[in-house]
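Student: Data file start_8.tsv (TSV, C-alpha atoms and all ligand atoms) is appended below.
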chain	number	residue	atom	x	y	z
A	1	MET	CA	15.07	-27.10	-15.08
A	2	ALA	CA	14.97	-25.56	-18.51
A	3	GLY	CA	11.79	-23.78	-19.33
A	4	GLU	CA	11.08	-22.60	-15.85
A	5	THR	CA	10.70	-18.93	-15.51
A	6	ASN	CA	11.84	-17.79	-12.17
A	7	GLU	CA	11.64	-14.09	-11.91
A	8	ALA	CA	14.84	-13.13	-10.23
A	9	LYS	CA	14.32	-10.08	-8.20
A	10	PRO	CA	17.14	-7.56	-8.28
A	11	LYS	CA	19.34	-7.95	-5.29
A	12	ALA	CA	18.95	-4.97	-3.11
A	13	GLU	CA	22.05	-4.16	-1.17
A	14	LYS	CA	20.19	-3.93	2.04
A	15	GLN	CA	22.01	-4.56	5.23
A	16	THR	CA	20.24	-7.19	7.23
A	17	ASN	CA	23.04	-8.68	9.24
A	18	CYS	CA	24.95	-7.27	12.13
A	19	PRO	CA	28.55	-6.39	11.20
A	20	ALA	CA	29.71	-7.48	14.62
A	21	CYS	CA	28.06	-10.83	15.20
A	22	ASN	CA	26.73	-11.41	11.67
A	23	LYS	CA	23.30	-12.24	12.97
A	24	LEU	CA	20.13	-11.14	11.35
A	25	ILE	CA	19.05	-7.80	12.67
A	26	LYS	CA	15.54	-7.56	13.96
A	27	LYS	CA	13.84	-4.41	12.94
A	28	LEU	CA	12.45	-3.78	16.35
A	29	LYS	CA	15.73	-4.01	18.17
A	30	ARG	CA	18.15	-2.63	15.67
A	31	TYR	CA	20.70	-0.07	16.65
A	32	TYR	CA	21.74	2.52	14.12
A	33	ARG	CA	25.15	4.13	14.18
A	34	ASP	CA	27.34	5.75	11.53
A	35	GLY	CA	25.29	4.57	8.58
A	36	LYS	CA	25.10	0.97	9.69
A	37	PHE	CA	22.71	-1.15	11.60
A	38	TYR	CA	23.67	-3.35	14.48
A	39	CYS	CA	21.51	-5.69	16.46
A	40	THR	CA	22.44	-4.10	19.74
A	41	LYS	CA	24.51	-1.29	21.15
A	42	LYS	CA	26.83	-3.91	22.49
A	43	CYS	CA	27.50	-5.16	18.98
A	44	TRP	CA	28.12	-1.64	17.79
A	45	ARG	CA	30.75	-1.15	20.45
A	46	ALA	CA	32.25	-4.54	19.68
A	47	PHE	CA	32.46	-3.65	16.02
A	48	ILE	CA	34.06	-0.29	16.73
A	49	ALA	CA	36.55	-1.87	19.07
A	50	LYS	CA	37.33	-4.55	16.54
A	51	SER	CA	37.83	-2.13	13.66
A	52	LYS	CA	40.00	0.09	15.82
A	53	ALA	CA	42.08	-2.87	16.89
A	54	GLU	CA	42.57	-3.93	13.31
A	55	ASP	CA	43.47	-0.43	12.32
A	56	SER	CA	46.03	0.29	15.00
A	57	GLN	CA	47.33	-3.15	15.84
A	58	GLU	CA	48.78	-5.07	12.96
A	59	LYS	CA	50.88	-7.27	15.15
A	60	GLU	CA	50.06	-8.74	18.48
B	101	ZN	ZN	25.17	-8.15	16.58
Can I see the file as structure tokens?
Tutor:
Amino acid sequence: MAGETNEAKPKAEKQTNCPACNKLIKKLKRYYRDGKFYCTKKCWRAFIAKSKAEDSQEKE
């Protein structure tokens, strides 16, 4: 343990997961909207719907 030199790379705040389904976004199929990446358009819409619901509906 001690004595090992592991070069810790600086963590780049790079978005790799879909905000909607939290899955890893594949570069080939990513969907970009409003500064964020989603894995599909469907996930983008789901995320928008979810955030809107949370914003406007605090109680069920
Ligand atoms: Zn997704």
Student: For atom CA of Ile25 of chain A and atom CA of Ile48 of chain A, determine how far apart the two atoms are, in Å to one decimal place.
Tutor: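 Calculated distance between atom CA of Ile25 of chain A and atom CA of Ile48 of chain A is 17.3 Å.
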Student: Do you know which residues are within 7 Å of ligand ZN 101 (chain B) using all atoms listed in the file? Can you write them as a PyMOL selection string?
Tutor: chain A and resi 18-23+38-40+43
Student: What is the atom CA of Lys27 of chain A-atom CA of Glu7 of chain A distance in Å, reported with one decimal?
Tutor: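 Between these atoms lies a distance of 26.8 Å.
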Student: Tell me, in Å to one decimal, how far atom CA of Arg33 of chain A is from atom CA of Thr16 of chain A.
Tutor: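 Straight-line distance from atom CA of Arg33 of chain A to atom CA of Thr16 of chain A works out to 14.2 Å.
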Student: Would you please work out which residue, of A:Lys52, A:Phe37, A:Tyr32, A:Lys42, is nearest to Asn17 of chain A when using all atoms listed in the file?
Tutor: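 Looking only at the distances to Asn17 of chain A, the closest residue turns out to be A:Phe37.
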